Each structure stands twice: as C-alpha cells, then as structure tokens.
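Okay, target14.pdb is below, PDB, N, CA, C and O atoms and all ligand atoms:
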ATOM      1  N   MET A 147      87.477 149.940  94.731
ATOM      2  CA  MET A 147      86.514 149.088  94.024
ATOM      3  C   MET A 147      86.600 147.652  94.523
ATOM      4  O   MET A 147      86.857 146.727  93.786
ATOM      5  N   GLU A 148      86.431 147.460  95.768
ATOM      6  CA  GLU A 148      86.572 146.103  96.302
ATOM      7  C   GLU A 148      85.210 145.439  96.452
ATOM      8  O   GLU A 148      84.371 145.889  97.215
ATOM      9  N   LYS A 149      84.999 144.383  95.684
ATOM     10  CA  LYS A 149      83.719 143.686  95.783
ATOM     11  C   LYS A 149      83.774 142.634  96.887
ATOM     12  O   LYS A 149      84.686 141.813  96.932
ATOM     13  N   LYS A 150      82.799 142.675  97.727
ATOM     14  CA  LYS A 150      82.806 141.721  98.829
ATOM     15  C   LYS A 150      82.013 140.462  98.477
ATOM     16  O   LYS A 150      81.050 140.091  99.125
ATOM     17  N   LYS A 151      82.405 139.856  97.403
ATOM     18  CA  LYS A 151      81.753 138.615  96.992
ATOM     19  C   LYS A 151      82.762 137.471  96.978
ATOM     20  O   LYS A 151      83.005 136.813  95.986
ATOM     21  N   SER A 152      83.364 137.305  98.070
ATOM     22  CA  SER A 152      84.407 136.284  98.150
ATOM     23  C   SER A 152      83.876 134.981  98.746
ATOM     24  O   SER A 152      84.604 134.069  99.036
ATOM     25  N   LYS A 153      82.553 134.939  98.898
ATOM     26  CA  LYS A 153      81.972 133.754  99.539
ATOM     27  C   LYS A 153      82.077 132.494  98.663
ATOM     28  O   LYS A 153      82.038 131.393  99.152
ATOM     29  N   LYS A 154      82.183 132.726  97.360
ATOM     30  CA  LYS A 154      82.222 131.574  96.461
ATOM     31  C   LYS A 154      83.443 130.690  96.675
ATOM     32  O   LYS A 154      83.421 129.508  96.415
ATOM     33  N   THR A 155      84.483 131.318  97.132
ATOM     34  CA  THR A 155      85.709 130.549  97.330
ATOM     35  C   THR A 155      85.688 129.800  98.665
ATOM     36  O   THR A 155      86.535 128.985  98.933
ATOM     37  N   LYS A 156      84.680 130.108  99.446
ATOM     38  CA  LYS A 156      84.611 129.449 100.753
ATOM     39  C   LYS A 156      84.406 127.944 100.580
ATOM     40  O   LYS A 156      83.527 127.505  99.855
ATOM     41  N   GLY A 157      85.202 127.194 101.217
ATOM     42  CA  GLY A 157      85.065 125.743 101.150
ATOM     43  C   GLY A 157      85.940 125.132 100.071
ATOM     44  O   GLY A 157      86.177 123.943 100.079
ATOM     45  N   LEU A 158      86.395 125.946  99.151
ATOM     46  CA  LEU A 158      87.238 125.405  98.097
ATOM     47  C   LEU A 158      88.693 125.301  98.536
ATOM     48  O   LEU A 158      89.481 124.579  97.953
ATOM     49  N   LYS A 159      88.976 126.041  99.558
ATOM     50  CA  LYS A 159      90.335 125.960 100.090
ATOM     51  C   LYS A 159      90.616 124.543 100.581
ATOM     52  O   LYS A 159      89.776 123.925 101.214
ATOM     53  N   SER A 160      91.770 124.080 100.252
ATOM     54  CA  SER A 160      92.157 122.779 100.791
ATOM     55  C   SER A 160      92.849 123.007 102.117
ATOM     56  O   SER A 160      93.993 123.421 102.172
ATOM     57  N   GLU A 161      92.094 122.774 103.154
ATOM     58  CA  GLU A 161      92.654 122.983 104.481
ATOM     59  C   GLU A 161      93.742 121.948 104.740
ATOM     60  O   GLU A 161      93.794 120.907 104.103
ATOM     61  N   ASN A 162      94.548 122.276 105.664
ATOM     62  CA  ASN A 162      95.581 121.314 106.029
ATOM     63  C   ASN A 162      94.959 120.180 106.832
ATOM     64  O   ASN A 162      94.796 120.264 108.035
ATOM     65  N   GLN A 163      94.596 119.127 106.110
ATOM     66  CA  GLN A 163      93.939 118.009 106.779
ATOM     67  C   GLN A 163      94.978 117.037 107.314
ATOM     68  O   GLN A 163      95.238 115.985 106.753
ATOM     69  N   VAL A 164      95.569 117.469 108.376
ATOM     70  CA  VAL A 164      96.590 116.623 108.987
ATOM     71  C   VAL A 164      95.917 115.566 109.842
ATOM     72  O   VAL A 164      95.138 115.865 110.734
ATOM     73  N   ILE A 165      96.191 114.341 109.528
ATOM     74  CA  ILE A 165      95.610 113.242 110.296
ATOM     75  C   ILE A 165      96.531 112.903 111.463
ATOM     76  O   ILE A 165      97.683 112.534 111.275
ATOM     77  N   ASN A 166      95.985 113.101 112.612
ATOM     78  CA  ASN A 166      96.767 112.765 113.797
ATOM     79  C   ASN A 166      96.683 111.273 114.055
ATOM     80  O   ASN A 166      95.662 110.746 114.464
ATOM     81  N   LEU A 167      97.772 110.592 113.796
ATOM     82  CA  LEU A 167      97.769 109.134 113.925
ATOM     83  C   LEU A 167      97.459 108.688 115.343
ATOM     84  O   LEU A 167      96.919 107.618 115.573
ATOM     85  N   ASN A 168      97.792 109.557 116.277
ATOM     86  CA  ASN A 168      97.564 109.182 117.665
ATOM     87  C   ASN A 168      96.079 109.139 118.000
ATOM     88  O   ASN A 168      95.670 108.482 118.942
ATOM     89  N   SER A 169      95.274 109.840 117.192
ATOM     90  CA  SER A 169      93.850 109.891 117.496
ATOM     91  C   SER A 169      93.085 108.813 116.732
ATOM     92  O   SER A 169      91.913 108.599 116.944
ATOM     93  N   VAL A 170      93.760 108.130 115.834
ATOM     94  CA  VAL A 170      93.090 107.091 115.064
ATOM     95  C   VAL A 170      93.178 105.768 115.800
ATOM     96  O   VAL A 170      94.257 105.295 116.121
ATOM     97  N   LYS A 171      92.034 105.213 116.033
ATOM     98  CA  LYS A 171      92.004 103.941 116.747
ATOM     99  C   LYS A 171      91.782 102.809 115.749
ATOM    100  O   LYS A 171      90.664 102.487 115.384
ATOM    101  N   PHE A 172      92.867 102.229 115.315
ATOM    102  CA  PHE A 172      92.785 101.174 114.318
ATOM    103  C   PHE A 172      91.991  99.971 114.838
ATOM    104  O   PHE A 172      91.268  99.329 114.120
ATOM    105  N   GLU A 173      92.147  99.719 116.102
ATOM    106  CA  GLU A 173      91.557  98.523 116.690
ATOM    107  C   GLU A 173      90.028  98.548 116.611
ATOM    108  O   GLU A 173      89.389  97.525 116.589
ATOM    109  N   GLU A 174      89.477  99.760 116.581
ATOM    110  CA  GLU A 174      88.028  99.851 116.683
ATOM    111  C   GLU A 174      87.341  99.945 115.334
ATOM    112  O   GLU A 174      86.157 100.172 115.258
ATOM    113  N   GLU A 175      88.104  99.794 114.278
ATOM    114  CA  GLU A 175      87.480  99.828 112.958
ATOM    115  C   GLU A 175      86.678  98.554 112.757
ATOM    116  O   GLU A 175      87.204  97.454 112.828
ATOM    117  N   VAL A 176      85.384  98.724 112.528
ATOM    118  CA  VAL A 176      84.512  97.562 112.414
ATOM    119  C   VAL A 176      84.393  97.135 110.961
ATOM    120  O   VAL A 176      84.102  97.933 110.089
ATOM    121  N   LYS A 177      84.653  95.893 110.701
ATOM    122  CA  LYS A 177      84.517  95.334 109.365
ATOM    123  C   LYS A 177      83.512  94.195 109.410
ATOM    124  O   LYS A 177      83.254  93.629 110.457
ATOM    125  N   ILE A 178      82.983  93.875 108.240
ATOM    126  CA  ILE A 178      82.024  92.783 108.161
ATOM    127  C   ILE A 178      82.717  91.546 107.596
ATOM    128  O   ILE A 178      83.313  91.590 106.530
ATOM    129  N   CYS A 179      82.615  90.468 108.306
ATOM    130  CA  CYS A 179      83.218  89.227 107.846
ATOM    131  C   CYS A 179      82.429  88.696 106.645
ATOM    132  O   CYS A 179      81.216  88.550 106.720
ATOM    133  N   PRO A 180      83.104  88.433 105.534
ATOM    134  CA  PRO A 180      82.425  87.960 104.328
ATOM    135  C   PRO A 180      81.916  86.527 104.468
ATOM    136  O   PRO A 180      81.076  86.087 103.688
ATOM    137  N   LEU A 181      82.399  85.823 105.448
ATOM    138  CA  LEU A 181      81.981  84.433 105.621
ATOM    139  C   LEU A 181      80.718  84.313 106.463
ATOM    140  O   LEU A 181      79.751  83.689 106.070
ATOM    141  N   CYS A 182      80.734  84.925 107.629
ATOM    142  CA  CYS A 182      79.585  84.780 108.533
ATOM    143  C   CYS A 182      78.715  86.033 108.544
ATOM    144  O   CYS A 182      77.603  86.007 109.056
ATOM    145  N   GLY A 183      79.230  87.128 107.987
ATOM    146  CA  GLY A 183      78.447  88.347 107.912
ATOM    147  C   GLY A 183      78.395  89.123 109.207
ATOM    148  O   GLY A 183      77.684  90.107 109.320
ATOM    149  N   LYS A 184      79.161  88.674 110.181
ATOM    150  CA  LYS A 184      79.164  89.370 111.460
ATOM    151  C   LYS A 184      80.251  90.447 111.468
ATOM    152  O   LYS A 184      81.292  90.286 110.831
ATOM    153  N   PRO A 185      79.988  91.526 112.195
ATOM    154  CA  PRO A 185      80.997  92.577 112.313
ATOM    155  C   PRO A 185      82.134  92.141 113.235
ATOM    156  O   PRO A 185      81.915  91.429 114.203
ATOM    157  N   TYR A 186      83.328  92.547 112.864
ATOM    158  CA  TYR A 186      84.462  92.253 113.731
ATOM    159  C   TYR A 186      85.410  93.433 113.717
ATOM    160  O   TYR A 186      85.350  94.271 112.829
ATOM    161  N   THR A 187      86.263  93.495 114.683
ATOM    162  CA  THR A 187      87.230  94.583 114.756
ATOM    163  C   THR A 187      88.635  94.027 114.602
ATOM    164  O   THR A 187      88.856  92.823 114.752
ATOM    165  N   GLY A 188      89.542  94.914 114.301
ATOM    166  CA  GLY A 188      90.928  94.484 114.141
ATOM    167  C   GLY A 188      91.276  94.254 112.689
ATOM    168  O   GLY A 188      90.536  94.634 111.792
ATOM    169  N   TRP A 189      92.384  93.625 112.485
ATOM    170  CA  TRP A 189      92.886  93.454 111.132
ATOM    171  C   TRP A 189      92.178  92.324 110.387
ATOM    172  O   TRP A 189      92.188  92.282 109.165
ATOM    173  N   GLY A 190      91.615  91.381 111.088
ATOM    174  CA  GLY A 190      91.011  90.240 110.432
ATOM    175  C   GLY A 190      92.063  89.202 110.091
ATOM    176  O   GLY A 190      93.229  89.327 110.459
ATOM    177  N   ASN A 191      91.646  88.194 109.365
ATOM    178  CA  ASN A 191      92.555  87.108 109.034
ATOM    179  C   ASN A 191      92.544  86.836 107.538
ATOM    180  O   ASN A 191      91.500  86.868 106.897
ATOM    181  N   ASN A 192      93.692  86.545 107.009
ATOM    182  CA  ASN A 192      93.811  86.208 105.598
ATOM    183  C   ASN A 192      93.029  84.925 105.327
ATOM    184  O   ASN A 192      93.306  83.898 105.935
ATOM    185  N   PRO A 193      92.029  84.986 104.433
ATOM    186  CA  PRO A 193      91.152  83.840 104.190
ATOM    187  C   PRO A 193      91.735  82.814 103.230
ATOM    188  O   PRO A 193      91.061  81.842 102.903
ATOM    189  N   SER A 194      92.958  83.034 102.790
ATOM    190  CA  SER A 194      93.567  82.098 101.853
ATOM    191  C   SER A 194      93.402  80.664 102.353
ATOM    192  O   SER A 194      93.617  80.393 103.525
ATOM    193  N   PRO A 195      93.000  79.716 101.537
ATOM    194  CA  PRO A 195      92.938  79.772 100.076
ATOM    195  C   PRO A 195      91.641  80.319  99.488
ATOM    196  O   PRO A 195      91.479  80.297  98.271
ATOM    197  N   LEU A 196      90.728  80.774 100.312
ATOM    198  CA  LEU A 196      89.503  81.359  99.777
ATOM    199  C   LEU A 196      89.799  82.749  99.240
ATOM    200  O   LEU A 196      90.651  83.455  99.771
ATOM    201  N   GLU A 197      89.092  83.151  98.194
ATOM    202  CA  GLU A 197      89.303  84.475  97.628
ATOM    203  C   GLU A 197      88.209  85.402  98.095
ATOM    204  O   GLU A 197      87.135  85.476  97.510
ATOM    205  N   MET A 198      88.464  86.062  99.204
ATOM    206  CA  MET A 198      87.508  87.035  99.732
ATOM    207  C   MET A 198      88.249  87.969 100.667
ATOM    208  O   MET A 198      89.457  87.861 100.833
ATOM    209  N   ASP A 199      87.489  88.901 101.254
ATOM    210  CA  ASP A 199      88.110  89.846 102.161
ATOM    211  C   ASP A 199      88.525  89.139 103.442
ATOM    212  O   ASP A 199      88.191  87.986 103.674
ATOM    213  N   MET A 200      89.212  89.873 104.263
ATOM    214  CA  MET A 200      89.669  89.322 105.532
ATOM    215  C   MET A 200      88.477  88.819 106.355
ATOM    216  O   MET A 200      87.421  89.442 106.374
ATOM    217  N   VAL A 201      88.665  87.723 107.039
ATOM    218  CA  VAL A 201      87.580  87.141 107.818
ATOM    219  C   VAL A 201      87.852  87.315 109.303
ATOM    220  O   VAL A 201      88.969  87.628 109.716
ATOM    221  N   CYS A 202      86.824  87.084 110.107
ATOM    222  CA  CYS A 202      86.952  87.277 111.544
ATOM    223  C   CYS A 202      87.726  86.114 112.167
ATOM    224  O   CYS A 202      87.961  85.085 111.541
ATOM    225  N   ASP A 203      88.080  86.290 113.419
ATOM    226  CA  ASP A 203      88.850  85.263 114.115
ATOM    227  C   ASP A 203      88.088  83.945 114.178
ATOM    228  O   ASP A 203      88.649  82.870 114.054
ATOM    229  N   GLU A 204      86.780  84.068 114.379
ATOM    230  CA  GLU A 204      85.939  82.885 114.518
ATOM    231  C   GLU A 204      85.972  82.040 113.249
ATOM    232  O   GLU A 204      86.182  80.830 113.278
ATOM    233  N   CYS A 205      85.777  82.704 112.124
ATOM    234  CA  CYS A 205      85.779  81.988 110.852
ATOM    235  C   CYS A 205      87.179  81.484 110.521
ATOM    236  O   CYS A 205      87.340  80.435 109.898
ATOM    237  N   ASN A 206      88.162  82.231 110.930
ATOM    238  CA  ASN A 206      89.528  81.797 110.681
ATOM    239  C   ASN A 206      89.776  80.461 111.380
ATOM    240  O   ASN A 206      90.363  79.545 110.809
ATOM    241  N   LEU A 207      89.272  80.360 112.605
ATOM    242  CA  LEU A 207      89.471  79.143 113.374
ATOM    243  C   LEU A 207      88.600  78.005 112.857
ATOM    244  O   LEU A 207      89.037  76.864 112.769
ATOM    245  N   ASN A 208      87.347  78.346 112.522
ATOM    246  CA  ASN A 208      86.377  77.301 112.185
ATOM    247  C   ASN A 208      86.391  76.899 110.717
ATOM    248  O   ASN A 208      85.954  75.809 110.372
ATOM    249  N   VAL A 209      86.855  77.805 109.862
ATOM    250  CA  VAL A 209      86.774  77.536 108.428
ATOM    251  C   VAL A 209      88.140  77.555 107.741
ATOM    252  O   VAL A 209      88.527  76.593 107.083
ATOM    253  N   ILE A 210      88.838  78.645 107.919
ATOM    254  CA  ILE A 210      90.078  78.834 107.158
ATOM    255  C   ILE A 210      91.151  77.824 107.564
ATOM    256  O   ILE A 210      91.735  77.150 106.709
ATOM    257  N   ILE A 211      91.382  77.715 108.839
ATOM    258  CA  ILE A 211      92.429  76.796 109.296
ATOM    259  C   ILE A 211      92.125  75.349 108.918
ATOM    260  O   ILE A 211      92.981  74.652 108.378
ATOM    261  N   PRO A 212      90.885  74.877 109.152
ATOM    262  CA  PRO A 212      90.542  73.517 108.694
ATOM    263  C   PRO A 212      90.726  73.362 107.191
ATOM    264  O   PRO A 212      91.151  72.304 106.725
ATOM    265  N   LEU A 213      90.397  74.421 106.444
ATOM    266  CA  LEU A 213      90.554  74.374 104.991
ATOM    267  C   LEU A 213      92.010  74.123 104.626
ATOM    268  O   LEU A 213      92.321  73.345 103.733
ATOM    269  N   ARG A 214      92.882  74.773 105.335
ATOM    270  CA  ARG A 214      94.303  74.654 105.040
ATOM    271  C   ARG A 214      94.813  73.250 105.355
ATOM    272  O   ARG A 214      95.823  72.812 104.835
ATOM    273  N   PHE A 215      94.095  72.592 106.223
ATOM    274  CA  PHE A 215      94.481  71.223 106.540
ATOM    275  C   PHE A 215      93.804  70.236 105.592
ATOM    276  O   PHE A 215      93.877  69.033 105.788
ATOM    277  N   GLY A 216      93.088  70.784 104.610
ATOM    278  CA  GLY A 216      92.481  69.936 103.610
ATOM    279  C   GLY A 216      91.142  69.370 104.010
ATOM    280  O   GLY A 216      90.676  68.389 103.441
ATOM    281  N   ILE A 217      90.529  69.981 105.007
ATOM    282  CA  ILE A 217      89.229  69.498 105.454
ATOM    283  C   ILE A 217      88.125  70.218 104.683
ATOM    284  O   ILE A 217      88.149  71.430 104.532
ATOM    285  N   ASP A 218      87.180  69.460 104.218
ATOM    286  CA  ASP A 218      86.087  70.037 103.446
ATOM    287  C   ASP A 218      85.145  70.806 104.365
ATOM    288  O   ASP A 218      84.662  70.276 105.364
ATOM    289  N   ILE A 219      84.877  72.063 104.014
ATOM    290  CA  ILE A 219      84.013  72.897 104.847
ATOM    291  C   ILE A 219      82.627  72.293 104.984
ATOM    292  O   ILE A 219      82.043  72.276 106.055
ATOM    293  N   THR A 220      82.113  71.770 103.867
ATOM    294  CA  THR A 220      80.744  71.254 103.865
ATOM    295  C   THR A 220      80.586  70.135 104.883
ATOM    296  O   THR A 220      79.545  69.990 105.512
ATOM    297  N   SER A 221      81.631  69.337 105.055
ATOM    298  CA  SER A 221      81.538  68.245 106.028
ATOM    299  C   SER A 221      81.523  68.800 107.440
ATOM    300  O   SER A 221      80.903  68.219 108.328
ATOM    301  N   ILE A 222      82.190  69.931 107.632
ATOM    302  CA  ILE A 222      82.188  70.552 108.951
ATOM    303  C   ILE A 222      80.820  71.105 109.284
ATOM    304  O   ILE A 222      80.288  70.913 110.364
ATOM    305  N   GLN A 223      80.225  71.772 108.289
ATOM    306  CA  GLN A 223      78.925  72.379 108.509
ATOM    307  C   GLN A 223      77.851  71.325 108.774
ATOM    308  O   GLN A 223      76.889  71.569 109.479
ATOM    309  N   LYS A 224      78.013  70.158 108.173
ATOM    310  CA  LYS A 224      77.028  69.104 108.370
ATOM    311  C   LYS A 224      77.188  68.455 109.738
ATOM    312  O   LYS A 224      76.267  67.858 110.261
ATOM    313  N   ASN A 225      78.373  68.529 110.276
ATOM    314  CA  ASN A 225      78.637  67.856 111.544
ATOM    315  C   ASN A 225      79.022  68.854 112.634
ATOM    316  O   ASN A 225      80.012  68.686 113.317
ATOM    317  N   GLU A 226      78.218  69.887 112.752
ATOM    318  CA  GLU A 226      78.546  70.913 113.724
ATOM    319  C   GLU A 226      78.447  70.405 115.148
ATOM    320  O   GLU A 226      78.988  71.004 116.075
ATOM    321  N   GLU A 227      77.742  69.321 115.341
ATOM    322  CA  GLU A 227      77.528  68.832 116.706
ATOM    323  C   GLU A 227      78.793  68.219 117.304
ATOM    324  O   GLU A 227      78.918  68.076 118.502
ATOM    325  N   ILE A 228      79.695  67.833 116.442
ATOM    326  CA  ILE A 228      80.916  67.187 116.933
ATOM    327  C   ILE A 228      81.723  68.151 117.777
ATOM    328  O   ILE A 228      82.026  69.224 117.345
TER     329      ILE A 228
HETATM  330 ZN    ZN B   1      83.291  85.359 110.326
END

Written as structure tokens, how would this file's structure read?
Amino acid sequence: MEKKKSKKTKGLKSENQVINLNSVKFEEEVKICPLCGKPYTGWGNNPSPLEMDMVCDECNLNVIIPLRFGIDITSIQKNEEI
C-alpha cells in the first residue's frame, strides 16, 4: 500500500547549504553610500560622528575626515572651488 504522493515534501528538506567562503567575493559587494548615493565596493568607512551607514572612500575623505577636524560640512559644500 505505498502511495506515491511524496511530492509535497519536495523542497521542504533543508539541504546542506554550506557556504564556501572561498567562493564569496567580499570585495565585490556593492553598497550604496548614504551620503552621496553612489555605489561603492568594499567595507566602506565609519561615518562617525555622523549617524548613518558606512560611507564610500570619497565621502570619507571629503566629508567625514574634515568633520572630525571640526570643519563645517556646509562651508565645504559652499566652497567646492577651493
Ligand atoms: Zn559617498
């Protein structure tokens, strides 16, 4: 009396989803910079003292680092020609 209706269980099995770390390319993970909105790769930069996600290298150099030196961002944006 064997019923061949075992299709319902198909897909419910938890396969061994072994993640091969060697195949994961961390460097190529694209993230969006919350400051400039541009995509960047890599780990990003800690935006402290700003409270947001990691920012790109460009914003880190142009915004975050000056901020840490006590420079007002708004003054930088107004004088981009310098
Ligand atoms: Zn950015």

### Message
On this structure, the PyMOL selection byres (((not hetatm)) within 7 of (chain B and resi 1)) would catch which residues? List them as number ranges by chain, sorted by chain and number.
### Response
A: 178-184, 201-206

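Separating CA of Pro195 in chain A from atom O of Ile210 in chain A is a distance of 7.2 Å.
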
### Query
Just how far from atom C of Thr187 in chain A is atom C of Leu213 in chain A, in Å to one decimal?
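For atom C of Leu213 in chain A relative to atom C of Thr187 in chain A, the distance reads 22.5 Å.
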
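One distance worth recording is that between atom O of Met200 in chain A and CA of Lys177 in chain A, which is 7.2 Å.
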